[in-house]
$ cat structure_28.cif   # mmCIF, C-alpha atoms
data_protein
loop_
_atom_site.group_PDB
_atom_site.id
_atom_site.type_symbol
_atom_site.label_atom_id
_atom_site.label_comp_id
_atom_site.auth_asym_id
_atom_site.auth_seq_id
_atom_site.Cartn_x
_atom_site.Cartn_y
_atom_site.Cartn_z
ATOM 1 C CA MET A 20 1.022 -76.538 59.649
ATOM 2 C CA SER A 21 4.002 -78.148 58.007
ATOM 3 C CA GLY A 22 7.185 -76.150 58.097
ATOM 4 C CA GLY A 23 5.873 -73.349 60.270
ATOM 5 C CA THR A 24 3.131 -73.700 62.828
ATOM 6 C CA SER A 25 2.520 -70.332 64.451
ATOM 7 C CA THR A 26 3.499 -70.101 68.077
ATOM 8 C CA ALA A 27 1.338 -68.195 70.526
ATOM 9 C CA GLY A 28 3.004 -64.886 71.237
ATOM 10 C CA GLY A 29 0.976 -63.709 74.206
ATOM 11 C CA ASP A 30 -1.585 -60.967 74.621
ATOM 12 C CA LEU A 31 -1.711 -57.639 72.828
ATOM 13 C CA ARG A 32 -1.959 -54.969 75.537
ATOM 14 C CA VAL A 33 -2.825 -51.373 74.760
ATOM 15 C CA GLU A 34 -2.458 -49.107 77.770
ATOM 16 C CA GLY A 35 -3.560 -45.464 77.833
ATOM 17 C CA VAL A 36 -2.934 -44.778 74.138
ATOM 18 C CA THR A 37 -3.798 -41.268 72.945
ATOM 19 C CA VAL A 38 -3.405 -40.162 69.315
ATOM 20 C CA ARG A 39 -3.809 -36.541 68.193
ATOM 21 C CA PHE A 40 -3.745 -34.943 64.767
ATOM 22 C CA GLY A 41 -3.205 -31.249 65.281
ATOM 23 C CA GLY A 42 -5.848 -30.151 67.747
ATOM 24 C CA ILE A 43 -8.040 -33.213 67.168
ATOM 25 C CA THR A 44 -7.883 -36.142 69.583
ATOM 26 C CA ALA A 45 -8.628 -39.214 67.465
ATOM 27 C CA VAL A 46 -7.990 -41.790 70.219
ATOM 28 C CA ASN A 47 -8.293 -40.800 73.864
ATOM 29 C CA ASP A 48 -6.594 -42.849 76.602
ATOM 30 C CA ALA A 49 -7.549 -46.216 75.053
ATOM 31 C CA THR A 50 -6.808 -49.344 77.085
ATOM 32 C CA LEU A 51 -7.604 -52.901 76.036
ATOM 33 C CA THR A 52 -6.238 -56.435 76.199
ATOM 34 C CA ALA A 53 -6.703 -58.866 73.307
ATOM 35 C CA ARG A 54 -5.776 -62.384 74.381
ATOM 36 C CA GLY A 55 -3.433 -64.608 72.473
ATOM 37 C CA GLY A 56 -5.209 -67.667 71.093
ATOM 38 C CA ALA A 57 -8.559 -65.844 70.937
ATOM 39 C CA ILE A 58 -10.464 -63.427 68.694
ATOM 40 C CA THR A 59 -11.323 -60.059 70.219
ATOM 41 C CA GLY A 60 -13.657 -57.561 68.568
ATOM 42 C CA LEU A 61 -13.251 -53.792 68.356
ATOM 43 C CA ILE A 62 -16.486 -52.174 67.200
ATOM 44 C CA GLY A 63 -17.960 -48.696 67.001
ATOM 45 C CA PRO A 64 -19.520 -46.235 64.568
ATOM 46 C CA ASN A 65 -17.705 -44.826 61.556
ATOM 47 C CA GLY A 66 -15.139 -42.249 62.617
ATOM 48 C CA ALA A 67 -14.826 -43.648 66.140
ATOM 49 C CA GLY A 68 -11.040 -44.050 65.812
ATOM 50 C CA LYS A 69 -10.774 -47.795 65.288
ATOM 51 C CA THR A 70 -8.353 -47.711 62.357
ATOM 52 C CA THR A 71 -6.344 -44.965 64.060
ATOM 53 C CA LEU A 72 -5.942 -47.228 67.088
ATOM 54 C CA PHE A 73 -4.869 -50.083 64.790
ATOM 55 C CA ASN A 74 -2.318 -47.759 63.202
ATOM 56 C CA ALA A 75 -0.971 -46.905 66.655
ATOM 57 C CA CYS A 76 -0.592 -50.605 67.440
ATOM 58 C CA SER A 77 1.110 -51.422 64.157
ATOM 59 C CA GLY A 78 3.445 -48.409 64.164
ATOM 60 C CA LEU A 79 1.870 -46.363 61.366
ATOM 61 C CA ASN A 80 1.255 -43.408 63.636
ATOM 62 C CA ARG A 81 2.892 -42.225 66.845
ATOM 63 C CA PRO A 82 0.731 -41.824 69.974
ATOM 64 C CA VAL A 83 1.359 -38.820 72.181
ATOM 65 C CA SER A 84 1.057 -41.101 75.210
ATOM 66 C CA GLY A 85 0.497 -44.729 76.153
ATOM 67 C CA THR A 86 2.187 -48.045 75.489
ATOM 68 C CA VAL A 87 1.639 -51.131 73.335
ATOM 69 C CA HIS A 88 2.940 -54.581 74.339
ATOM 70 C CA LEU A 89 2.864 -57.896 72.496
ATOM 71 C CA GLY A 90 3.467 -60.520 75.114
ATOM 72 C CA GLU A 91 6.555 -59.368 76.997
ATOM 73 C CA GLN A 92 7.715 -57.151 74.137
ATOM 74 C CA LYS A 93 7.250 -53.399 74.359
ATOM 75 C CA LEU A 94 6.548 -52.155 70.834
ATOM 76 C CA ASP A 95 6.778 -48.405 71.465
ATOM 77 C CA GLY A 96 9.383 -46.716 69.269
ATOM 78 C CA HIS A 97 9.605 -49.595 66.804
ATOM 79 C CA SER A 98 8.744 -49.206 63.124
ATOM 80 C CA SER A 99 5.849 -51.081 61.532
ATOM 81 C CA SER A 100 8.270 -53.475 59.813
ATOM 82 C CA ASN A 101 10.076 -54.150 63.093
ATOM 83 C CA ARG A 102 6.759 -54.834 64.821
ATOM 84 C CA ALA A 103 5.947 -57.303 62.056
ATOM 85 C CA HIS A 104 9.233 -59.103 62.749
ATOM 86 C CA ARG A 105 8.234 -59.253 66.406
ATOM 87 C CA GLY A 106 5.055 -61.096 65.406
ATOM 88 C CA LEU A 107 2.394 -58.424 64.793
ATOM 89 C CA GLY A 108 0.613 -58.776 61.448
ATOM 90 C CA ARG A 109 -1.906 -56.389 59.916
ATOM 91 C CA THR A 110 -4.504 -56.240 57.150
ATOM 92 C CA PHE A 111 -6.248 -53.114 55.886
ATOM 93 C CA GLN A 112 -9.762 -52.051 54.894
ATOM 94 C CA ARG A 113 -8.528 -51.732 51.326
ATOM 95 C CA MET A 114 -6.960 -54.972 50.181
ATOM 96 C CA GLU A 115 -3.302 -54.667 49.216
ATOM 97 C CA LEU A 116 -2.753 -57.523 46.784
ATOM 98 C CA PHE A 117 -0.682 -57.753 43.607
ATOM 99 C CA GLU A 118 -3.360 -57.815 40.912
ATOM 100 C CA SER A 119 -1.269 -59.248 38.084
ATOM 101 C CA MET A 120 0.295 -62.033 40.157
ATOM 102 C CA THR A 121 -1.136 -65.462 40.871
ATOM 103 C CA VAL A 122 -2.777 -66.351 44.159
ATOM 104 C CA LEU A 123 0.163 -68.571 45.095
ATOM 105 C CA ASP A 124 2.723 -65.848 44.376
ATOM 106 C CA ASN A 125 0.706 -63.331 46.409
ATOM 107 C CA VAL A 126 0.618 -65.692 49.379
ATOM 108 C CA ARG A 127 4.346 -66.376 49.058
ATOM 109 C CA THR A 128 5.164 -62.664 49.334
ATOM 110 C CA GLY A 129 4.277 -62.665 53.049
ATOM 111 C CA PRO A 130 6.829 -65.158 54.379
ATOM 112 C CA ALA A 131 9.317 -64.245 51.632
ATOM 113 C CA ALA A 132 9.362 -60.608 52.736
ATOM 114 C CA MET A 133 9.726 -61.626 56.366
ATOM 115 C CA PHE A 134 12.707 -63.884 55.688
ATOM 116 C CA SER A 135 14.441 -61.629 53.158
ATOM 117 C CA SER A 136 14.523 -58.592 55.409
ATOM 118 C CA GLN A 137 16.156 -60.563 58.212
ATOM 119 C CA ARG A 138 19.433 -60.814 56.271
ATOM 120 C CA LEU A 139 21.184 -58.302 54.017
ATOM 121 C CA LEU A 140 21.789 -60.869 51.261
ATOM 122 C CA GLY A 141 18.262 -62.165 51.790
ATOM 123 C CA GLN A 142 17.052 -59.155 49.817
ATOM 124 C CA LEU A 143 18.748 -60.695 46.772
ATOM 125 C CA PHE A 144 18.116 -64.409 47.261
ATOM 126 C CA SER A 145 16.672 -66.968 49.680
ATOM 127 C CA THR A 146 18.555 -69.887 51.145
ATOM 128 C CA PRO A 147 17.364 -73.361 50.132
ATOM 129 C CA LYS A 148 15.928 -73.840 53.624
ATOM 130 C CA GLU A 149 13.986 -70.565 53.394
ATOM 131 C CA THR A 150 12.743 -71.438 49.915
ATOM 132 C CA ARG A 151 11.380 -74.753 51.190
ATOM 133 C CA GLU A 152 9.735 -73.115 54.213
ATOM 134 C CA ILE A 153 8.139 -70.381 52.076
ATOM 135 C CA ALA A 154 6.701 -73.039 49.767
ATOM 136 C CA GLU A 155 5.424 -75.122 52.690
ATOM 137 C CA ARG A 156 3.879 -72.154 54.431
ATOM 138 C CA ALA A 157 2.166 -70.951 51.257
ATOM 139 C CA ALA A 158 0.781 -74.400 50.422
ATOM 140 C CA ASP A 159 -0.479 -74.900 53.971
ATOM 141 C CA ALA A 160 -2.099 -71.442 54.071
ATOM 142 C CA LEU A 161 -3.898 -72.058 50.771
ATOM 143 C CA ASP A 162 -5.196 -75.357 52.122
ATOM 144 C CA ARG A 163 -6.179 -73.834 55.474
ATOM 145 C CA CYS A 164 -8.134 -71.072 53.724
ATOM 146 C CA GLY A 165 -9.742 -73.472 51.242
ATOM 147 C CA ILE A 166 -8.336 -71.815 48.124
ATOM 148 C CA THR A 167 -5.759 -74.342 46.880
ATOM 149 C CA HIS A 168 -7.826 -74.673 43.693
ATOM 150 C CA LEU A 169 -7.216 -70.960 43.015
ATOM 151 C CA ALA A 170 -3.406 -71.166 43.342
ATOM 152 C CA LYS A 171 -2.658 -70.514 39.672
ATOM 153 C CA ARG A 172 -5.408 -67.933 39.127
ATOM 154 C CA THR A 173 -4.523 -64.272 38.698
ATOM 155 C CA VAL A 174 -5.732 -62.257 41.691
ATOM 156 C CA GLY A 175 -7.237 -59.565 39.463
ATOM 157 C CA ASP A 176 -9.692 -62.139 38.103
ATOM 158 C CA LEU A 177 -11.074 -63.180 41.497
ATOM 159 C CA SER A 178 -14.245 -62.179 43.315
ATOM 160 C CA THR A 179 -14.071 -59.964 46.385
ATOM 161 C CA GLY A 180 -14.713 -62.936 48.658
ATOM 162 C CA GLN A 181 -11.919 -64.952 47.077
ATOM 163 C CA ARG A 182 -9.550 -61.988 47.316
ATOM 164 C CA ARG A 183 -10.291 -61.602 51.036
ATOM 165 C CA LEU A 184 -9.322 -65.242 51.538
ATOM 166 C CA VAL A 185 -6.098 -64.655 49.585
ATOM 167 C CA GLU A 186 -5.319 -61.738 51.890
ATOM 168 C CA LEU A 187 -5.991 -63.920 54.929
ATOM 169 C CA ALA A 188 -3.894 -66.752 53.473
ATOM 170 C CA ARG A 189 -0.932 -64.416 53.060
ATOM 171 C CA ALA A 190 -1.233 -63.369 56.706
ATOM 172 C CA VAL A 191 -1.593 -67.009 57.774
ATOM 173 C CA ALA A 192 1.500 -68.000 55.766
ATOM 174 C CA THR A 193 3.631 -65.312 57.417
ATOM 175 C CA PRO A 194 5.038 -66.253 60.851
ATOM 176 C CA PHE A 195 2.945 -63.776 62.833
ATOM 177 C CA THR A 196 1.810 -64.517 66.374
ATOM 178 C CA PHE A 197 -0.883 -61.837 66.476
ATOM 179 C CA LEU A 198 -3.086 -60.392 63.714
ATOM 180 C CA LEU A 199 -4.884 -57.061 63.419
ATOM 181 C CA LEU A 200 -7.727 -57.463 60.902
ATOM 182 C CA ASP A 201 -9.372 -54.238 59.706
ATOM 183 C CA GLU A 202 -12.903 -54.900 58.378
ATOM 184 C CA PRO A 203 -11.992 -58.202 56.684
ATOM 185 C CA SER A 204 -15.611 -58.973 55.676
ATOM 186 C CA SER A 205 -16.048 -55.733 53.731
ATOM 187 C CA GLY A 206 -17.580 -56.552 50.354
ATOM 188 C CA LEU A 207 -18.468 -60.147 51.243
ATOM 189 C CA ASP A 208 -21.922 -61.678 50.968
ATOM 190 C CA PRO A 209 -23.353 -63.644 53.941
ATOM 191 C CA SER A 210 -22.120 -67.043 52.710
ATOM 192 C CA GLU A 211 -18.614 -65.671 52.052
ATOM 193 C CA THR A 212 -18.614 -64.037 55.484
ATOM 194 C CA ASP A 213 -19.560 -67.349 57.105
ATOM 195 C CA ALA A 214 -16.739 -69.101 55.250
ATOM 196 C CA PHE A 215 -14.273 -66.412 56.306
ATOM 197 C CA GLY A 216 -15.349 -66.750 59.947
ATOM 198 C CA GLU A 217 -14.900 -70.522 59.869
ATOM 199 C CA VAL A 218 -11.392 -70.220 58.421
ATOM 200 C CA LEU A 219 -10.418 -67.604 60.981
ATOM 201 C CA THR A 220 -11.693 -69.495 64.032
ATOM 202 C CA SER A 221 -10.065 -72.709 62.807
ATOM 203 C CA HIS A 222 -6.726 -70.969 62.322
ATOM 204 C CA VAL A 223 -6.819 -69.447 65.813
ATOM 205 C CA ARG A 224 -7.840 -72.729 67.417
ATOM 206 C CA GLU A 225 -5.136 -74.763 65.679
ATOM 207 C CA THR A 226 -2.215 -72.319 65.943
ATOM 208 C CA GLY A 227 -2.785 -70.192 69.050
ATOM 209 C CA VAL A 228 -2.500 -66.951 67.082
ATOM 210 C CA GLY A 229 -4.316 -63.998 68.648
ATOM 211 C CA VAL A 230 -6.627 -61.732 66.639
ATOM 212 C CA LEU A 231 -8.023 -58.242 67.184
ATOM 213 C CA ILE A 232 -10.679 -57.546 64.579
ATOM 214 C CA VAL A 233 -12.376 -54.295 63.573
ATOM 215 C CA GLU A 234 -15.660 -55.272 61.982
ATOM 216 C CA HIS A 235 -19.099 -53.831 61.175
ATOM 217 C CA ASP A 236 -20.770 -57.181 60.437
ATOM 218 C CA MET A 237 -22.233 -58.005 63.826
ATOM 219 C CA ALA A 238 -23.181 -61.521 62.758
ATOM 220 C CA LEU A 239 -19.483 -62.218 62.135
ATOM 221 C CA VAL A 240 -18.456 -60.515 65.376
ATOM 222 C CA SER A 241 -20.956 -62.489 67.441
ATOM 223 C CA GLY A 242 -19.906 -65.729 65.757
ATOM 224 C CA VAL A 243 -16.131 -65.483 66.250
ATOM 225 C CA CYS A 244 -15.339 -63.072 69.107
ATOM 226 C CA GLU A 245 -15.043 -63.981 72.777
ATOM 227 C CA GLN A 246 -14.597 -60.409 74.002
ATOM 228 C CA ILE A 247 -15.720 -57.069 72.567
ATOM 229 C CA TYR A 248 -14.486 -53.522 73.096
ATOM 230 C CA VAL A 249 -16.584 -50.575 71.935
ATOM 231 C CA LEU A 250 -14.879 -47.392 70.774
ATOM 232 C CA ASP A 251 -16.852 -44.153 70.428
ATOM 233 C CA PHE A 252 -15.435 -40.675 69.822
ATOM 234 C CA GLY A 253 -11.969 -42.111 70.390
ATOM 235 C CA LYS A 254 -12.707 -43.580 73.833
ATOM 236 C CA ILE A 255 -13.274 -47.157 74.934
ATOM 237 C CA ILE A 256 -16.769 -46.931 76.406
ATOM 238 C CA TYR A 257 -17.481 -50.611 77.006
ATOM 239 C CA SER A 258 -15.845 -54.014 77.275
ATOM 240 C CA GLY A 259 -17.376 -57.378 77.982
ATOM 241 C CA THR A 260 -18.198 -60.767 76.528
ATOM 242 C CA THR A 261 -19.889 -60.845 73.156
ATOM 243 C CA GLN A 262 -23.288 -61.715 74.590
ATOM 244 C CA GLU A 263 -23.008 -59.019 77.254
ATOM 245 C CA ALA A 264 -22.060 -56.434 74.654
ATOM 246 C CA LEU A 265 -24.880 -57.318 72.292
ATOM 247 C CA ALA A 266 -27.390 -57.047 75.140
ATOM 248 C CA SER A 267 -26.061 -53.690 76.354
ATOM 249 C CA ASP A 268 -28.202 -50.593 75.792
ATOM 250 C CA LEU A 269 -25.020 -48.502 75.888
ATOM 251 C CA VAL A 270 -23.513 -50.502 73.060
ATOM 252 C CA ARG A 271 -26.699 -50.350 71.026
ATOM 253 C CA ALA A 272 -26.894 -46.598 71.417
ATOM 254 C CA ALA A 273 -23.247 -46.071 70.448
ATOM 255 C CA TYR A 274 -23.254 -48.500 67.579
ATOM 256 C CA LEU A 275 -25.607 -46.659 65.267
ATOM 257 C CA GLY A 276 -28.810 -47.718 66.976
ATOM 258 C CA GLU A 277 -30.209 -51.222 67.360
ATOM 259 C CA VAL A 278 -27.880 -54.142 66.710
ATOM 260 C CA SER A 279 -29.432 -57.092 64.941
ATOM 261 C CA VAL A 280 -27.714 -60.438 64.705
ATOM 262 C CA ALA A 281 -28.749 -62.889 62.005
#

$ encode --input "structure_28.cif" --output "structure tokens"
Amino acid sequence: MSGGTSTAGGDLRVEGVTVRFGGITAVNDATLTARGGAITGLIGPNGAGKTTLFNACSGLNRPVSGTVHLGEQKLDGHSSSNRAHRGLGRTFQRMELFESMTVLDNVRTGPAAMFSSQRLLGQLFSTPKETREIAERAADALDRCGITHLAKRTVGDLSTGQRRLVELARAVATPFTFLLLDEPSSGLDPSETDAFGEVLTSHVRETGVGVLIVEHDMALVSGVCEQIYVLDFGKIIYSGTTQEALASDLVRAAYLGEVSVA
């Protein structure tokens, strides 16, 4: 990646995290380790607490107990923007793209926001060096995600599959060392899902970035994940390799019945 190859930032470690909303325990003493340089899956039925756990990792909610580490960095007490500066990136179930902007400009917003918030005057202008690096990162991310030909298209005119790749390209262009991906295949057809999986595994292999992915498409999970954690009623009930998880009766029972992999 010219101008900004991601550097492995270590494992994401979640230790004993509990999140409550009023009298409801949404996540209960969750512990997991997602390795840097690998893709780890977090699966479970709707309402299991997966997004809530992601929000606890990324600083969007405050656990009542537990800790979150990225490599040697303890993230507890830091805001979501500060965690991003420490290398933790995040996507959401609902895509957050700028509809009226071009694909290229959307991708540029990732590294531009990261650089601008690091300096007071950076909120008004970028240095020539930053401008060059933003351009290089954006161009490389478009190429890596196979959407260079869409660079000048308006995002609002794209298909869901193309928009998901734009979202991934923006995350790839930003100097994150670990990514939290929340249902990134939502709305994709099988061929688009396959393409997304290929881009993601290639990016992890070439850059050493770590990924924790919440996903309902078990074909995608089985194709890209080395390790799987299963969350049910807010508790981690299982962890193991992908093949072990898919063969587990406990996992099948928790994950809305039989799991079929195409």

$ resolve_selection --input "structure_28.cif" --expression "the PyMOL selection byres ((chain A and resi 61) around 6)" --output "count of residues only"
7

$ residues_near_point --input "structure_28.cif" --point "(-8.7, -64.6, 49.9)" --cutoff "10 Å" --atoms "all atoms listed in the file" --output "CSV table (one decimal) with C-alpha atoms, in the coordinates of the input"
chain,number,residue,atom,x,y,z
A,114,MET,CA,-7.0,-55.0,50.2
A,116,LEU,CA,-2.8,-57.5,46.8
A,122,VAL,CA,-2.8,-66.4,44.2
A,126,VAL,CA,0.6,-65.7,49.4
A,161,LEU,CA,-3.9,-72.1,50.8
A,164,CYS,CA,-8.1,-71.1,53.7
A,165,GLY,CA,-9.7,-73.5,51.2
A,166,ILE,CA,-8.3,-71.8,48.1
A,169,LEU,CA,-7.2,-71.0,43.0
A,174,VAL,CA,-5.7,-62.3,41.7
A,177,LEU,CA,-11.1,-63.2,41.5
A,178,SER,CA,-14.2,-62.2,43.3
A,179,THR,CA,-14.1,-60.0,46.4
A,180,GLY,CA,-14.7,-62.9,48.7
A,181,GLN,CA,-11.9,-65.0,47.1
A,182,ARG,CA,-9.6,-62.0,47.3
A,183,ARG,CA,-10.3,-61.6,51.0
A,184,LEU,CA,-9.3,-65.2,51.5
A,185,VAL,CA,-6.1,-64.7,49.6
A,186,GLU,CA,-5.3,-61.7,51.9
A,187,LEU,CA,-6.0,-63.9,54.9
A,188,ALA,CA,-3.9,-66.8,53.5
A,189,ARG,CA,-0.9,-64.4,53.1
A,203,PRO,CA,-12.0,-58.2,56.7
A,215,PHE,CA,-14.3,-66.4,56.3

$ atom_distance --input "structure_28.cif" --atom1 "CA of Ile255 (chain A)" --atom2 "CA of Gly108 (chain A)"
22.6 Å

$ closest_residue --input "structure_28.cif" --among "A:Thr167, A:Thr59, A:Ser204, A:Thr121" --to "Glu245 (chain A)" --atoms "all atoms listed in the file"
A:Thr59

$ residues_around --input "structure_28.cif" --residues "Val38 (chain A)" --least-positions-apart "4" --cutoff "12 Å" --atoms "all atoms listed in the file" --output "short mmCIF file (atom, residue, chain, number, x, y, z; two decimals) with C-alpha atoms, in the frame of the given file"
data_model
loop_
_atom_site.label_atom_id
_atom_site.label_comp_id
_atom_site.auth_asym_id
_atom_site.auth_seq_id
_atom_site.Cartn_x
_atom_site.Cartn_y
_atom_site.Cartn_z
CA GLY A 42 -5.85 -30.15 67.75
CA ILE A 43 -8.04 -33.21 67.17
CA THR A 44 -7.88 -36.14 69.58
CA ALA A 45 -8.63 -39.21 67.46
CA VAL A 46 -7.99 -41.79 70.22
CA ASN A 47 -8.29 -40.80 73.86
CA ASP A 48 -6.59 -42.85 76.60
CA ALA A 49 -7.55 -46.22 75.05
CA GLY A 68 -11.04 -44.05 65.81
CA LYS A 69 -10.77 -47.80 65.29
CA THR A 70 -8.35 -47.71 62.36
CA THR A 71 -6.34 -44.96 64.06
CA LEU A 72 -5.94 -47.23 67.09
CA PHE A 73 -4.87 -50.08 64.79
CA ASN A 74 -2.32 -47.76 63.20
CA ALA A 75 -0.97 -46.90 66.66
CA CYS A 76 -0.59 -50.60 67.44
CA GLY A 78 3.44 -48.41 64.16
CA LEU A 79 1.87 -46.36 61.37
CA ASN A 80 1.25 -43.41 63.64
CA ARG A 81 2.89 -42.22 66.84
CA PRO A 82 0.73 -41.82 69.97
CA VAL A 83 1.36 -38.82 72.18
CA SER A 84 1.06 -41.10 75.21
CA GLY A 85 0.50 -44.73 76.15
CA THR A 86 2.19 -48.04 75.49
CA GLY A 253 -11.97 -42.11 70.39
CA LYS A 254 -12.71 -43.58 73.83
#

$ residues_around --input "structure_28.cif" --residues "Gly55 (chain A)" --least-positions-apart "5" --cutoff "12 Å" --atoms "all atoms listed in the file" --output "list of chain:residue names"
A:Ser25, A:Thr26, A:Ala27, A:Gly28, A:Gly29, A:Asp30, A:Leu31, A:Arg32, A:Leu89, A:Gly90, A:Gly106, A:Leu107, A:Phe195, A:Thr196, A:Phe197, A:Leu198, A:Leu199, A:Val223, A:Arg224, A:Thr226, A:Gly227, A:Val228, A:Gly229, A:Val230, A:Leu231, A:Glu245

$ atom_distance --input "structure_28.cif" --atom1 "CA of Gly175 (chain A)" --atom2 "CA of Gln112 (chain A)"
17.3 Å

$ residues_around --input "structure_28.cif" --residues "Ala238 (chain A)" --least-positions-apart "3" --cutoff "12 Å" --atoms "all atoms listed in the file" --output "list in words"
Gly60, Ser204, Asp208, Pro209, Ser210, Thr212, Asp213, Gly216, Glu234, His235, Ser241, Gly242, Val243, Cys244, Thr261, Gln262, Leu265, Val278, Ser279, Val280 and Ala281 of chain A

$ atom_distance --input "structure_28.cif" --atom1 "CA of Gly66 (chain A)" --atom2 "CA of Thr260 (chain A)"
23.4 Å

$ decode --input "structure_28.cif" --residues "region 55-76 of chain A" --atoms "N, CA and C atoms" --output "short mmCIF file (atom, residue, chain, number, x, y, z; two decimals), in the first residue's frame"
data_model
loop_
_atom_site.label_atom_id
_atom_site.label_comp_id
_atom_site.auth_asym_id
_atom_site.auth_seq_id
_atom_site.Cartn_x
_atom_site.Cartn_y
_atom_site.Cartn_z
N GLY A 55 -4.65 -10.11 16.01
CA GLY A 55 -4.20 -9.25 14.95
C GLY A 55 -3.76 -10.07 13.76
N GLY A 56 -3.99 -9.59 12.55
CA GLY A 56 -3.60 -10.32 11.36
C GLY A 56 -4.49 -11.50 11.03
N ALA A 57 -5.69 -11.56 11.63
CA ALA A 57 -6.62 -12.66 11.38
C ALA A 57 -8.04 -12.11 11.43
N ILE A 58 -8.98 -12.91 10.92
CA ILE A 58 -10.40 -12.54 10.96
C ILE A 58 -11.10 -13.47 11.94
N THR A 59 -11.73 -12.88 12.94
CA THR A 59 -12.45 -13.62 13.97
C THR A 59 -13.93 -13.32 13.84
N GLY A 60 -14.76 -14.35 13.96
CA GLY A 60 -16.20 -14.18 13.84
C GLY A 60 -16.88 -14.09 15.19
N LEU A 61 -17.91 -13.26 15.27
CA LEU A 61 -18.79 -13.18 16.44
C LEU A 61 -20.21 -13.39 15.93
N ILE A 62 -20.79 -14.55 16.25
CA ILE A 62 -22.11 -14.88 15.72
C ILE A 62 -23.08 -15.12 16.86
N GLY A 63 -24.35 -15.20 16.51
CA GLY A 63 -25.40 -15.44 17.48
C GLY A 63 -26.72 -14.95 16.94
N PRO A 64 -27.82 -15.34 17.57
CA PRO A 64 -29.14 -14.94 17.09
C PRO A 64 -29.37 -13.45 17.25
N ASN A 65 -30.41 -12.94 16.58
CA ASN A 65 -30.77 -11.53 16.73
C ASN A 65 -31.07 -11.24 18.21
N GLY A 66 -30.57 -10.09 18.68
CA GLY A 66 -30.81 -9.71 20.05
C GLY A 66 -29.85 -10.33 21.05
N ALA A 67 -28.82 -11.02 20.56
CA ALA A 67 -27.89 -11.69 21.46
C ALA A 67 -26.95 -10.73 22.18
N GLY A 68 -26.79 -9.50 21.64
CA GLY A 68 -25.91 -8.52 22.25
C GLY A 68 -24.65 -8.24 21.46
N LYS A 69 -24.60 -8.69 20.21
CA LYS A 69 -23.38 -8.55 19.43
C LYS A 69 -23.03 -7.08 19.16
N THR A 70 -24.00 -6.32 18.69
CA THR A 70 -23.73 -4.90 18.42
C THR A 70 -23.44 -4.15 19.70
N THR A 71 -24.11 -4.51 20.79
CA THR A 71 -23.84 -3.87 22.08
C THR A 71 -22.39 -4.12 22.50
N LEU A 72 -21.90 -5.33 22.28
CA LEU A 72 -20.50 -5.62 22.60
C LEU A 72 -19.57 -4.82 21.70
N PHE A 73 -19.90 -4.70 20.42
CA PHE A 73 -19.11 -3.85 19.52
C PHE A 73 -19.09 -2.41 20.03
N ASN A 74 -20.24 -1.92 20.47
CA ASN A 74 -20.31 -0.55 20.96
C ASN A 74 -19.44 -0.36 22.21
N ALA A 75 -19.38 -1.40 23.04
CA ALA A 75 -18.51 -1.33 24.22
C ALA A 75 -17.05 -1.28 23.81
N CYS A 76 -16.69 -2.03 22.78
CA CYS A 76 -15.30 -2.02 22.31
C CYS A 76 -14.92 -0.68 21.69
#
